[in-house]
>>> print(open('data26.csv').read())   # CSV, N, CA and C atoms
chain,number,residue,atom,x,y,z
A,20,VAL,N,-125.3,75.1,13.9
A,20,VAL,CA,-125.9,74.0,14.5
A,20,VAL,C,-126.4,74.4,15.9
A,21,GLN,N,-125.5,75.1,16.7
A,21,GLN,CA,-125.9,75.5,18.0
A,21,GLN,C,-127.0,76.5,18.0
A,22,SER,N,-127.1,77.4,17.0
A,22,SER,CA,-128.1,78.4,17.0
A,22,SER,C,-129.5,77.9,16.5
A,23,MET,N,-129.4,76.7,15.8
A,23,MET,CA,-130.7,76.1,15.2
A,23,MET,C,-130.8,74.6,15.4
A,24,PRO,N,-130.7,74.2,16.7
A,24,PRO,CA,-130.7,72.7,16.9
A,24,PRO,C,-131.9,72.0,16.4
A,25,GLU,N,-133.1,72.7,16.3
A,25,GLU,CA,-134.3,72.0,15.8
A,25,GLU,C,-134.1,71.6,14.4
A,26,THR,N,-133.2,72.2,13.6
A,26,THR,CA,-133.0,71.8,12.2
A,26,THR,C,-132.1,70.5,12.2
A,27,PHE,N,-131.4,70.2,13.3
A,27,PHE,CA,-130.5,69.1,13.3
A,27,PHE,C,-130.9,68.1,14.4
A,28,ASN,N,-132.2,67.7,14.4
A,28,ASN,CA,-132.7,66.7,15.4
A,28,ASN,C,-132.3,67.0,16.8
A,29,ASN,N,-132.3,68.3,17.2
A,29,ASN,CA,-132.0,68.8,18.5
A,29,ASN,C,-130.6,68.6,18.9
A,30,GLN,N,-129.7,68.4,17.9
A,30,GLN,CA,-128.3,68.3,18.2
A,30,GLN,C,-127.6,69.7,18.3
A,31,THR,N,-126.7,69.9,19.2
A,31,THR,CA,-126.0,71.1,19.2
A,31,THR,C,-124.6,71.0,18.7
A,32,THR,N,-124.2,69.8,18.4
A,32,THR,CA,-122.9,69.6,17.7
A,32,THR,C,-123.1,68.4,16.7
A,33,LEU,N,-122.3,68.4,15.7
A,33,LEU,CA,-122.3,67.3,14.7
A,33,LEU,C,-120.9,66.8,14.4
A,34,HIS,N,-120.8,65.5,14.3
A,34,HIS,CA,-119.6,64.9,13.8
A,34,HIS,C,-119.5,65.1,12.3
A,35,MET,N,-118.4,65.7,11.9
A,35,MET,CA,-118.2,65.9,10.5
A,35,MET,C,-117.5,64.7,9.8
A,36,SER,N,-118.2,63.9,9.0
A,36,SER,CA,-117.6,62.8,8.3
A,36,SER,C,-117.1,63.3,7.0
A,37,ILE,N,-115.8,63.5,6.8
A,37,ILE,CA,-115.2,64.0,5.6
A,37,ILE,C,-115.0,62.8,4.7
A,38,ARG,N,-115.5,62.9,3.5
A,38,ARG,CA,-115.3,61.9,2.5
A,38,ARG,C,-114.8,62.5,1.2
A,39,LYS,N,-113.5,62.1,0.9
A,39,LYS,CA,-112.9,62.6,-0.3
A,39,LYS,C,-113.5,61.9,-1.6
A,40,MET,N,-113.8,62.8,-2.5
A,40,MET,CA,-114.4,62.3,-3.8
A,40,MET,C,-113.2,61.5,-4.5
A,41,ARG,N,-113.6,60.3,-5.1
A,41,ARG,CA,-112.6,59.5,-5.8
A,41,ARG,C,-112.0,60.2,-7.0
A,42,GLU,N,-110.7,60.0,-7.2
A,42,GLU,CA,-110.0,60.6,-8.3
A,42,GLU,C,-109.3,59.5,-9.0
A,43,GLN,N,-108.9,59.7,-10.2
A,43,GLN,CA,-108.2,58.7,-11.0
A,43,GLN,C,-106.9,58.3,-10.4
A,44,THR,N,-106.3,59.2,-9.7
A,44,THR,CA,-105.0,59.0,-9.1
A,44,THR,C,-105.0,58.3,-7.8
A,45,ASP,N,-106.2,58.0,-7.2
A,45,ASP,CA,-106.4,57.3,-6.0
A,45,ASP,C,-105.9,55.8,-6.1
A,46,PHE,N,-105.5,55.3,-5.0
A,46,PHE,CA,-105.1,53.9,-5.0
A,46,PHE,C,-106.2,52.9,-5.5
A,47,SER,N,-107.4,53.2,-5.2
A,47,SER,CA,-108.5,52.3,-5.5
A,47,SER,C,-109.2,52.7,-6.9
A,48,TYR,N,-108.5,53.3,-7.8
A,48,TYR,CA,-109.0,53.8,-9.0
A,48,TYR,C,-109.6,52.7,-9.8
A,49,TYR,N,-109.2,51.4,-9.7
A,49,TYR,CA,-109.6,50.3,-10.5
A,49,TYR,C,-110.9,49.7,-10.0
A,50,LYS,N,-111.5,50.2,-9.0
A,50,LYS,CA,-112.8,49.7,-8.5
A,50,LYS,C,-113.9,50.5,-9.0
A,51,VAL,N,-114.9,49.8,-9.5
A,51,VAL,CA,-116.1,50.4,-10.0
A,51,VAL,C,-117.1,50.4,-8.8
A,52,VAL,N,-117.8,51.5,-8.6
A,52,VAL,CA,-118.7,51.6,-7.5
A,52,VAL,C,-120.1,51.1,-7.8
A,53,LEU,N,-120.6,50.1,-7.1
A,53,LEU,CA,-121.9,49.5,-7.3
A,53,LEU,C,-122.9,50.1,-6.2
A,54,ARG,N,-123.7,51.1,-6.6
A,54,ARG,CA,-124.6,51.7,-5.7
A,54,ARG,C,-125.8,50.9,-5.6
A,55,THR,N,-126.2,50.5,-4.4
A,55,THR,CA,-127.3,49.6,-4.2
A,55,THR,C,-128.6,50.3,-3.7
A,56,ASN,N,-129.6,49.5,-3.5
A,56,ASN,CA,-130.8,49.9,-2.8
A,56,ASN,C,-130.4,50.1,-1.3
A,57,THR,N,-131.3,50.6,-0.5
A,57,THR,CA,-131.0,50.8,0.9
A,57,THR,C,-130.6,49.5,1.7
A,58,ALA,N,-131.2,48.4,1.3
A,58,ALA,CA,-130.9,47.1,1.9
A,58,ALA,C,-129.6,46.5,1.5
A,59,GLY,N,-129.0,47.1,0.4
A,59,GLY,CA,-127.8,46.5,-0.1
A,59,GLY,C,-127.9,45.3,-0.9
A,60,THR,N,-129.1,44.9,-1.3
A,60,THR,CA,-129.3,43.6,-2.0
A,60,THR,C,-129.4,43.7,-3.5
A,61,LYS,N,-129.7,44.9,-4.0
A,61,LYS,CA,-129.9,45.0,-5.5
A,61,LYS,C,-129.2,46.3,-6.0
A,62,ILE,N,-128.7,46.2,-7.2
A,62,ILE,CA,-128.0,47.4,-7.8
A,62,ILE,C,-129.1,48.4,-8.3
A,63,TYR,N,-128.9,49.6,-7.8
A,63,TYR,CA,-129.8,50.7,-8.3
A,63,TYR,C,-129.1,51.7,-9.2
A,64,GLY,N,-127.7,51.8,-9.0
A,64,GLY,CA,-127.0,52.8,-9.8
A,64,GLY,C,-127.2,54.2,-9.3
A,65,ILE,N,-126.4,55.1,-9.9
A,65,ILE,CA,-126.4,56.5,-9.4
A,65,ILE,C,-127.7,57.2,-9.8
A,66,TYR,N,-128.4,56.7,-10.9
A,66,TYR,CA,-129.6,57.3,-11.3
A,66,TYR,C,-130.8,56.5,-11.1
A,67,ASP,N,-130.7,55.5,-10.2
A,67,ASP,CA,-131.8,54.6,-9.8
A,67,ASP,C,-132.3,53.8,-11.0
A,68,ASP,N,-131.5,53.6,-12.0
A,68,ASP,CA,-131.9,52.9,-13.2
A,68,ASP,C,-131.2,51.5,-13.4
A,69,GLY,N,-130.3,51.2,-12.4
A,69,GLY,CA,-129.6,49.9,-12.5
A,69,GLY,C,-128.3,50.0,-13.4
A,70,VAL,N,-128.0,51.1,-13.9
A,70,VAL,CA,-126.9,51.3,-14.8
A,70,VAL,C,-125.6,51.7,-14.0
A,71,VAL,N,-124.5,51.0,-14.2
A,71,VAL,CA,-123.3,51.3,-13.5
A,71,VAL,C,-122.3,51.9,-14.4
A,72,TYR,N,-121.6,52.9,-14.0
A,72,TYR,CA,-120.6,53.6,-14.8
A,72,TYR,C,-119.2,53.6,-14.1
A,73,TYR,N,-118.2,53.5,-15.0
A,73,TYR,CA,-116.8,53.6,-14.5
A,73,TYR,C,-116.4,55.0,-15.0
A,74,PRO,N,-115.9,55.9,-14.2
A,74,PRO,CA,-115.7,57.3,-14.6
A,74,PRO,C,-114.4,57.6,-15.4
A,75,TRP,N,-113.5,56.7,-15.5
A,75,TRP,CA,-112.2,57.0,-16.2
A,75,TRP,C,-111.9,56.0,-17.3
A,76,PRO,N,-111.0,56.4,-18.2
A,76,PRO,CA,-110.5,55.4,-19.2
A,76,PRO,C,-109.8,54.3,-18.5
A,77,TRP,N,-109.8,53.1,-19.1
A,77,TRP,CA,-109.1,51.9,-18.7
A,77,TRP,C,-107.9,51.8,-19.7
A,78,ARG,N,-106.7,52.0,-19.1
A,78,ARG,CA,-105.5,52.1,-20.0
A,78,ARG,C,-104.9,50.7,-20.2
A,79,VAL,N,-104.8,50.2,-21.4
A,79,VAL,CA,-104.2,48.9,-21.7
A,79,VAL,C,-103.2,49.1,-22.9
A,80,ASN,N,-102.0,48.7,-22.7
A,80,ASN,CA,-100.9,48.9,-23.7
A,80,ASN,C,-100.8,50.3,-24.1
A,81,GLY,N,-100.9,51.2,-23.2
A,81,GLY,CA,-100.7,52.6,-23.5
A,81,GLY,C,-101.9,53.3,-24.1
A,82,VAL,N,-103.0,52.6,-24.3
A,82,VAL,CA,-104.2,53.1,-25.0
A,82,VAL,C,-105.3,53.2,-24.0
A,83,ASP,N,-105.9,54.4,-23.9
A,83,ASP,CA,-107.1,54.6,-23.1
A,83,ASP,C,-108.3,54.1,-23.7
A,84,MET,N,-109.0,53.2,-23.0
A,84,MET,CA,-110.3,52.6,-23.5
A,84,MET,C,-111.4,53.0,-22.6
A,85,GLU,N,-112.6,53.3,-23.2
A,85,GLU,CA,-113.8,53.5,-22.5
A,85,GLU,C,-114.4,52.1,-22.1
A,86,ILE,N,-114.7,52.0,-20.9
A,86,ILE,CA,-115.4,50.7,-20.4
A,86,ILE,C,-116.7,51.1,-19.8
A,87,GLY,N,-117.7,50.1,-19.9
A,87,GLY,CA,-119.0,50.4,-19.4
A,87,GLY,C,-119.8,51.3,-20.3
A,88,PRO,N,-120.9,51.8,-20.0
A,88,PRO,CA,-121.6,51.4,-18.7
A,88,PRO,C,-122.2,50.0,-18.8
A,89,TRP,N,-122.6,49.5,-17.7
A,89,TRP,CA,-123.2,48.1,-17.6
A,89,TRP,C,-124.6,48.2,-17.1
A,90,ASP,N,-125.6,47.6,-17.7
A,90,ASP,CA,-127.0,47.6,-17.3
A,90,ASP,C,-127.1,46.4,-16.3
A,91,CYS,N,-127.2,46.7,-15.1
A,91,CYS,CA,-127.4,45.7,-14.1
A,91,CYS,C,-128.8,45.6,-13.6
A,92,ASP,N,-129.7,45.9,-14.5
A,92,ASP,CA,-131.1,45.8,-14.3
A,92,ASP,C,-131.8,44.9,-15.4
A,93,GLU,N,-131.0,44.3,-16.2
A,93,GLU,CA,-131.5,43.5,-17.3
A,93,GLU,C,-132.2,42.3,-16.6
A,94,GLY,N,-133.5,42.1,-17.0
A,94,GLY,CA,-134.2,41.0,-16.4
A,94,GLY,C,-134.6,41.2,-15.0
A,95,GLY,N,-134.5,42.4,-14.4
A,95,GLY,CA,-134.7,42.6,-13.0
A,95,GLY,C,-133.4,43.0,-12.4
A,96,ALA,N,-133.5,43.8,-11.3
A,96,ALA,CA,-132.3,44.3,-10.6
A,96,ALA,C,-131.4,43.2,-10.2
A,97,MET,N,-130.1,43.3,-10.5
A,97,MET,CA,-129.2,42.3,-10.1
A,97,MET,C,-128.6,42.5,-8.7
A,98,THR,N,-128.1,41.4,-8.1
A,98,THR,CA,-127.4,41.6,-6.8
A,98,THR,C,-126.1,42.2,-7.1
A,99,PRO,N,-125.4,42.7,-6.1
A,99,PRO,CA,-124.1,43.2,-6.3
A,99,PRO,C,-123.1,42.1,-6.8
A,100,GLU,N,-123.3,40.9,-6.4
A,100,GLU,CA,-122.4,39.8,-6.9
A,100,GLU,C,-122.6,39.5,-8.4
A,101,GLU,N,-123.9,39.5,-8.8
A,101,GLU,CA,-124.2,39.3,-10.2
A,101,GLU,C,-123.7,40.4,-11.1
A,102,CYS,N,-123.9,41.6,-10.6
A,102,CYS,CA,-123.5,42.8,-11.4
A,102,CYS,C,-121.9,42.8,-11.5
A,103,CYS,N,-121.3,42.6,-10.4
A,103,CYS,CA,-119.8,42.6,-10.4
A,103,CYS,C,-119.3,41.5,-11.4
A,104,SER,N,-119.9,40.3,-11.3
A,104,SER,CA,-119.5,39.2,-12.2
A,104,SER,C,-119.7,39.7,-13.7
A,105,LYS,N,-120.8,40.3,-14.0
A,105,LYS,CA,-121.0,40.8,-15.4
A,105,LYS,C,-119.9,41.8,-15.8
A,106,ILE,N,-119.6,42.7,-14.9
A,106,ILE,CA,-118.5,43.7,-15.2
A,106,ILE,C,-117.2,43.0,-15.4
A,107,GLN,N,-116.8,42.1,-14.5
A,107,GLN,CA,-115.5,41.4,-14.6
A,107,GLN,C,-115.4,40.5,-15.8
A,108,GLN,N,-116.6,40.0,-16.3
A,108,GLN,CA,-116.5,39.2,-17.5
A,108,GLN,C,-116.3,40.1,-18.7
A,109,ASP,N,-116.9,41.3,-18.7
A,109,ASP,CA,-116.7,42.3,-19.8
A,109,ASP,C,-115.3,42.9,-19.8
A,110,VAL,N,-114.7,43.1,-18.7
A,110,VAL,CA,-113.4,43.7,-18.6
A,110,VAL,C,-112.5,42.6,-17.9
A,111,SER,N,-112.1,41.7,-18.7
A,111,SER,CA,-111.4,40.5,-18.1
A,111,SER,C,-109.9,40.6,-18.2
A,112,TYR,N,-109.4,41.7,-18.5
A,112,TYR,CA,-107.9,41.9,-18.7
A,112,TYR,C,-107.4,43.0,-17.8
A,113,PRO,N,-106.2,42.9,-17.4
A,113,PRO,CA,-105.6,44.0,-16.5
A,113,PRO,C,-105.3,45.3,-17.3
A,114,ASP,N,-105.2,46.3,-16.5
A,114,ASP,CA,-104.8,47.6,-17.1
A,114,ASP,C,-103.2,47.6,-17.1
A,115,ASP,N,-102.7,48.8,-17.5
A,115,ASP,CA,-101.2,48.9,-17.5
A,115,ASP,C,-100.5,48.8,-16.2
A,116,ASN,N,-101.3,49.0,-15.1
A,116,ASN,CA,-100.7,48.8,-13.8
A,116,ASN,C,-100.8,47.4,-13.2
A,117,GLY,N,-101.4,46.5,-14.0
A,117,GLY,CA,-101.5,45.1,-13.6
A,117,GLY,C,-102.8,44.9,-12.8
A,118,ASN,N,-103.7,45.9,-12.7
A,118,ASN,CA,-104.9,45.7,-11.9
A,118,ASN,C,-106.0,45.3,-12.8
A,119,TYR,N,-106.8,44.4,-12.2
A,119,TYR,CA,-108.1,43.9,-12.8
A,119,TYR,C,-109.2,44.8,-12.3
A,120,ILE,N,-110.3,45.0,-13.0
A,120,ILE,CA,-111.4,45.7,-12.5
A,120,ILE,C,-112.0,45.0,-11.3
A,121,ALA,N,-112.3,45.7,-10.3
A,121,ALA,CA,-112.9,45.2,-9.1
A,121,ALA,C,-114.1,46.0,-8.7
A,122,CYS,N,-114.9,45.5,-7.8
A,122,CYS,CA,-116.1,46.2,-7.4
A,122,CYS,C,-116.1,46.7,-5.9
A,123,PHE,N,-116.7,47.8,-5.7
A,123,PHE,CA,-116.9,48.3,-4.3
A,123,PHE,C,-118.4,48.6,-4.2
A,124,VAL,N,-119.0,47.9,-3.2
A,124,VAL,CA,-120.5,48.0,-3.0
A,124,VAL,C,-120.7,49.2,-2.1
A,125,GLU,N,-121.5,50.1,-2.5
A,125,GLU,CA,-121.9,51.3,-1.7
A,125,GLU,C,-123.4,51.4,-1.5
A,126,GLU,N,-123.7,51.3,-0.2
A,126,GLU,CA,-125.1,51.4,0.2
A,126,GLU,C,-125.4,52.9,0.5
A,127,PRO,N,-126.6,53.4,0.1
A,127,PRO,CA,-126.9,54.7,0.5
A,127,PRO,C,-127.1,54.9,2.0
A,128,VAL,N,-127.1,56.1,2.5
A,128,VAL,CA,-127.3,56.3,3.9
A,128,VAL,C,-128.7,55.7,4.2
A,129,GLY,N,-128.7,55.0,5.3
A,129,GLY,CA,-129.9,54.3,5.8
A,129,GLY,C,-129.8,52.8,5.7
A,130,GLY,N,-128.8,52.3,5.0
A,130,GLY,CA,-128.6,50.9,4.8
A,130,GLY,C,-128.0,50.3,6.0
A,131,PRO,N,-127.9,49.0,6.1
A,131,PRO,CA,-127.4,48.3,7.3
A,131,PRO,C,-125.9,48.6,7.5
A,132,HIS,N,-125.1,48.9,6.5
A,132,HIS,CA,-123.7,49.2,6.7
A,132,HIS,C,-123.4,50.7,6.6
A,133,ASN,N,-124.5,51.5,6.5
A,133,ASN,CA,-124.3,53.0,6.4
A,133,ASN,C,-125.6,53.6,7.0
A,134,PRO,N,-125.8,53.3,8.3
A,134,PRO,CA,-127.0,53.8,9.0
A,134,PRO,C,-127.1,55.3,9.1
A,135,GLU,N,-128.3,55.8,9.2
A,135,GLU,CA,-128.5,57.2,9.4
A,135,GLU,C,-128.1,57.5,10.9
A,136,ARG,N,-127.5,58.7,11.1
A,136,ARG,CA,-127.1,59.1,12.4
A,136,ARG,C,-127.5,60.5,12.6
A,137,ASP,N,-128.1,60.8,13.8
A,137,ASP,CA,-128.5,62.1,14.1
A,137,ASP,C,-127.4,63.1,14.4
A,138,ASP,N,-126.2,62.5,14.7
A,138,ASP,CA,-125.1,63.3,15.1
A,138,ASP,C,-124.0,63.5,14.0
A,139,ARG,N,-124.4,63.3,12.8
A,139,ARG,CA,-123.3,63.3,11.7
A,139,ARG,C,-123.8,64.2,10.5
A,140,ALA,N,-122.7,64.9,10.0
A,140,ALA,CA,-122.9,65.6,8.7
A,140,ALA,C,-121.9,65.1,7.8
A,141,ILE,N,-122.3,64.7,6.6
A,141,ILE,CA,-121.3,64.1,5.6
A,141,ILE,C,-120.9,65.3,4.7
A,142,VAL,N,-119.6,65.4,4.6
A,142,VAL,CA,-119.0,66.5,3.8
A,142,VAL,C,-118.1,65.9,2.7
A,143,VAL,N,-118.3,66.2,1.5
A,143,VAL,CA,-117.6,65.6,0.4
A,143,VAL,C,-116.6,66.7,-0.1
A,144,THR,N,-115.3,66.3,-0.2
A,144,THR,CA,-114.2,67.2,-0.7
A,144,THR,C,-113.5,66.6,-1.9
A,145,ASP,N,-112.8,67.5,-2.5
A,145,ASP,CA,-111.9,67.0,-3.6
A,145,ASP,C,-110.5,66.7,-3.0
A,146,GLY,N,-109.5,66.3,-3.8
A,146,GLY,CA,-108.2,66.0,-3.3
A,146,GLY,C,-107.5,67.1,-2.6
A,147,LYS,N,-107.9,68.3,-2.8
A,147,LYS,CA,-107.2,69.5,-2.2
A,147,LYS,C,-108.0,69.9,-0.9
A,148,GLY,N,-109.0,69.2,-0.6
A,148,GLY,CA,-109.8,69.5,0.6
A,148,GLY,C,-110.9,70.5,0.5
A,149,THR,N,-111.2,70.9,-0.8
A,149,THR,CA,-112.2,71.8,-1.0
A,149,THR,C,-113.6,71.1,-1.0
A,150,VAL,N,-114.5,71.7,-0.3
A,150,VAL,CA,-115.9,71.1,-0.3
A,150,VAL,C,-116.5,71.2,-1.6
A,151,VAL,N,-117.0,70.1,-2.2
A,151,VAL,CA,-117.5,70.1,-3.6
A,151,VAL,C,-119.0,69.8,-3.6
A,152,ARG,N,-119.6,69.4,-2.5
A,152,ARG,CA,-121.0,69.2,-2.4
A,152,ARG,C,-121.5,69.8,-1.0
A,153,ALA,N,-122.7,70.3,-1.0
A,153,ALA,CA,-123.2,70.8,0.3
A,153,ALA,C,-123.2,69.7,1.3
A,154,PRO,N,-122.8,70.0,2.5
A,154,PRO,CA,-122.8,69.0,3.6
A,154,PRO,C,-124.3,68.6,3.9
A,155,VAL,N,-124.4,67.3,4.2
A,155,VAL,CA,-125.8,66.8,4.4
A,155,VAL,C,-125.8,66.2,5.8
A,156,ALA,N,-126.7,66.6,6.7
A,156,ALA,CA,-126.8,66.0,8.0
A,156,ALA,C,-127.7,64.8,7.9
A,157,HIS,N,-127.1,63.6,8.2
A,157,HIS,CA,-127.8,62.4,8.4
A,157,HIS,C,-126.9,61.3,8.8
>>> encode(input="data26.csv", output="structure tokens")
Amino acid sequence: VQSMPETFNNQTTLHMSIRKMREQTDFSYYKVVLRTNTAGTKIYGIYDDGVVYYPWPWRVNGVDMEIGPWDCDEGGAMTPEECCSKIQQDVSYPDDNGNYIACFVEEPVGGPHNPERDDRAIVVTDGKGTVVRAPVAH
């Protein structure tokens, strides 16, 4: 950064925002991530097609069940509330830990709750602290 500040909006230092990738053993494993448009008003999904995925099996009575994916673009892009309601209606029973499916709304960088910053680099790590994606300055 110091040797090439022009690459980083003339910054000579960056705040490293370390973000651990979610794992099934995390406390919040029961939350499905709803990726939105930049404004945070409509579900876009991770492939910008409105489809939402839950990455792990949902264990009920000792049996792993696949849940999802959910098309939150049926009839036009749904709001986070509409999409979450659809998911919770589909998975209306708790898992073996007594947790019900819940939703976490994630806006991409540039949204009102996740603004771009000239002084930040986002670094994604696994549970061991190993960087799993190239750091992104924004």
>>> select_by_dssp(input="data26.csv", residues="chain A", states="helix (DSSP H, G or I)", output="number ranges by chain")
A: 24-27, 99-109
>>> residues_around(input="data26.csv", residues="stretch 132-143 of chain A", least_positions_apart="5", cutoff="8 Å", atoms="all atoms listed in the file", output="PyMOL selection string")
chain A and resi 27-40+57-59+126-127+148-157
>>> write_last_selection(input="data26.csv", atoms="N, CA and C atoms", output="PDB file, keeping the file's coordinate frame")
ATOM      1  N   PHE A  27    -131.400  70.200  13.300  1.00  0.00           N
ATOM      2  CA  PHE A  27    -130.500  69.100  13.300  1.00  0.00           C
ATOM      3  C   PHE A  27    -130.900  68.100  14.400  1.00  0.00           C
ATOM      4  N   ASN A  28    -132.200  67.700  14.400  1.00  0.00           N
ATOM      5  CA  ASN A  28    -132.700  66.700  15.400  1.00  0.00           C
ATOM      6  C   ASN A  28    -132.300  67.000  16.800  1.00  0.00           C
ATOM      7  N   ASN A  29    -132.300  68.300  17.200  1.00  0.00           N
ATOM      8  CA  ASN A  29    -132.000  68.800  18.500  1.00  0.00           C
ATOM      9  C   ASN A  29    -130.600  68.600  18.900  1.00  0.00           C
ATOM     10  N   GLN A  30    -129.700  68.400  17.900  1.00  0.00           N
ATOM     11  CA  GLN A  30    -128.300  68.300  18.200  1.00  0.00           C
ATOM     12  C   GLN A  30    -127.600  69.700  18.300  1.00  0.00           C
ATOM     13  N   THR A  31    -126.700  69.900  19.200  1.00  0.00           N
ATOM     14  CA  THR A  31    -126.000  71.100  19.200  1.00  0.00           C
ATOM     15  C   THR A  31    -124.600  71.000  18.700  1.00  0.00           C
ATOM     16  N   THR A  32    -124.200  69.800  18.400  1.00  0.00           N
ATOM     17  CA  THR A  32    -122.900  69.600  17.700  1.00  0.00           C
ATOM     18  C   THR A  32    -123.100  68.400  16.700  1.00  0.00           C
ATOM     19  N   LEU A  33    -122.300  68.400  15.700  1.00  0.00           N
ATOM     20  CA  LEU A  33    -122.300  67.300  14.700  1.00  0.00           C
ATOM     21  C   LEU A  33    -120.900  66.800  14.400  1.00  0.00           C
ATOM     22  N   HIS A  34    -120.800  65.500  14.300  1.00  0.00           N
ATOM     23  CA  HIS A  34    -119.600  64.900  13.800  1.00  0.00           C
ATOM     24  C   HIS A  34    -119.500  65.100  12.300  1.00  0.00           C
ATOM     25  N   MET A  35    -118.400  65.700  11.900  1.00  0.00           N
ATOM     26  CA  MET A  35    -118.200  65.900  10.500  1.00  0.00           C
ATOM     27  C   MET A  35    -117.500  64.700   9.800  1.00  0.00           C
ATOM     28  N   SER A  36    -118.200  63.900   9.000  1.00  0.00           N
ATOM     29  CA  SER A  36    -117.600  62.800   8.300  1.00  0.00           C
ATOM     30  C   SER A  36    -117.100  63.300   7.000  1.00  0.00           C
ATOM     31  N   ILE A  37    -115.800  63.500   6.800  1.00  0.00           N
ATOM     32  CA  ILE A  37    -115.200  64.000   5.600  1.00  0.00           C
ATOM     33  C   ILE A  37    -115.000  62.800   4.700  1.00  0.00           C
ATOM     34  N   ARG A  38    -115.500  62.900   3.500  1.00  0.00           N
ATOM     35  CA  ARG A  38    -115.300  61.900   2.500  1.00  0.00           C
ATOM     36  C   ARG A  38    -114.800  62.500   1.200  1.00  0.00           C
ATOM     37  N   LYS A  39    -113.500  62.100   0.900  1.00  0.00           N
ATOM     38  CA  LYS A  39    -112.900  62.600  -0.300  1.00  0.00           C
ATOM     39  C   LYS A  39    -113.500  61.900  -1.600  1.00  0.00           C
ATOM     40  N   MET A  40    -113.800  62.800  -2.500  1.00  0.00           N
ATOM     41  CA  MET A  40    -114.400  62.300  -3.800  1.00  0.00           C
ATOM     42  C   MET A  40    -113.200  61.500  -4.500  1.00  0.00           C
ATOM     43  N   THR A  57    -131.300  50.600  -0.500  1.00  0.00           N
ATOM     44  CA  THR A  57    -131.000  50.800   0.900  1.00  0.00           C
ATOM     45  C   THR A  57    -130.600  49.500   1.700  1.00  0.00           C
ATOM     46  N   ALA A  58    -131.200  48.400   1.300  1.00  0.00           N
ATOM     47  CA  ALA A  58    -130.900  47.100   1.900  1.00  0.00           C
ATOM     48  C   ALA A  58    -129.600  46.500   1.500  1.00  0.00           C
ATOM     49  N   GLY A  59    -129.000  47.100   0.400  1.00  0.00           N
ATOM     50  CA  GLY A  59    -127.800  46.500  -0.100  1.00  0.00           C
ATOM     51  C   GLY A  59    -127.900  45.300  -0.900  1.00  0.00           C
ATOM     52  N   GLU A 126    -123.700  51.300  -0.200  1.00  0.00           N
ATOM     53  CA  GLU A 126    -125.100  51.400   0.200  1.00  0.00           C
ATOM     54  C   GLU A 126    -125.400  52.900   0.500  1.00  0.00           C
ATOM     55  N   PRO A 127    -126.600  53.400   0.100  1.00  0.00           N
ATOM     56  CA  PRO A 127    -126.900  54.700   0.500  1.00  0.00           C
ATOM     57  C   PRO A 127    -127.100  54.900   2.000  1.00  0.00           C
ATOM     58  N   GLY A 148    -109.000  69.200  -0.600  1.00  0.00           N
ATOM     59  CA  GLY A 148    -109.800  69.500   0.600  1.00  0.00           C
ATOM     60  C   GLY A 148    -110.900  70.500   0.500  1.00  0.00           C
ATOM     61  N   THR A 149    -111.200  70.900  -0.800  1.00  0.00           N
ATOM     62  CA  THR A 149    -112.200  71.800  -1.000  1.00  0.00           C
ATOM     63  C   THR A 149    -113.600  71.100  -1.000  1.00  0.00           C
ATOM     64  N   VAL A 150    -114.500  71.700  -0.300  1.00  0.00           N
ATOM     65  CA  VAL A 150    -115.900  71.100  -0.300  1.00  0.00           C
ATOM     66  C   VAL A 150    -116.500  71.200  -1.600  1.00  0.00           C
ATOM     67  N   VAL A 151    -117.000  70.100  -2.200  1.00  0.00           N
ATOM     68  CA  VAL A 151    -117.500  70.100  -3.600  1.00  0.00           C
ATOM     69  C   VAL A 151    -119.000  69.800  -3.600  1.00  0.00           C
ATOM     70  N   ARG A 152    -119.600  69.400  -2.500  1.00  0.00           N
ATOM     71  CA  ARG A 152    -121.000  69.200  -2.400  1.00  0.00           C
ATOM     72  C   ARG A 152    -121.500  69.800  -1.000  1.00  0.00           C
ATOM     73  N   ALA A 153    -122.700  70.300  -1.000  1.00  0.00           N
ATOM     74  CA  ALA A 153    -123.200  70.800   0.300  1.00  0.00           C
ATOM     75  C   ALA A 153    -123.200  69.700   1.300  1.00  0.00           C
ATOM     76  N   PRO A 154    -122.800  70.000   2.500  1.00  0.00           N
ATOM     77  CA  PRO A 154    -122.800  69.000   3.600  1.00  0.00           C
ATOM     78  C   PRO A 154    -124.300  68.600   3.900  1.00  0.00           C
ATOM     79  N   VAL A 155    -124.400  67.300   4.200  1.00  0.00           N
ATOM     80  CA  VAL A 155    -125.800  66.800   4.400  1.00  0.00           C
ATOM     81  C   VAL A 155    -125.800  66.200   5.800  1.00  0.00           C
ATOM     82  N   ALA A 156    -126.700  66.600   6.700  1.00  0.00           N
ATOM     83  CA  ALA A 156    -126.800  66.000   8.000  1.00  0.00           C
ATOM     84  C   ALA A 156    -127.700  64.800   7.900  1.00  0.00           C
ATOM     85  N   HIS A 157    -127.100  63.600   8.200  1.00  0.00           N
ATOM     86  CA  HIS A 157    -127.800  62.400   8.400  1.00  0.00           C
ATOM     87  C   HIS A 157    -126.900  61.300   8.800  1.00  0.00           C
TER      88      HIS A 157
END
>>> residues_around(input="data26.csv", residues="A:Cys103", least_positions_apart="3", cutoff="8 Å", atoms="all atoms listed in the file", output="JSON, numbers by chain")
{"A": [53, 91, 97, 98, 99, 100, 106, 107, 108, 109, 121, 122, 123]}
>>> residues_around(input="data26.csv", residues="stretch 64-75 of chain A", least_positions_apart="4", cutoff="9 Å", atoms="only C-alpha atoms", output="ChimeraX atom specification")
/A:42-43,48-56,83-93,95-97,102
>>> atom_distance(input="data26.csv", atom1="atom CA of A:Arg78", atom2="atom CA of A:Tyr119")
11.2 Å
>>> atom_distance(input="data26.csv", atom1="atom C of A:Gly81", atom2="atom C of A:Ser47")
18.7 Å
>>> select_by_dssp(input="data26.csv", residues="stretch 21-150 of chain A", states="strand (DSSP E or B)", output="ChimeraX atom specification")
/A:34-39,50-55,62,70-71,77-79,82-84,89-90,121-125,130,133,139-144,150
>>> atom_distance(input="data26.csv", atom1="atom CA of A:Asp114", atom2="atom CA of A:Phe46")
13.6 Å
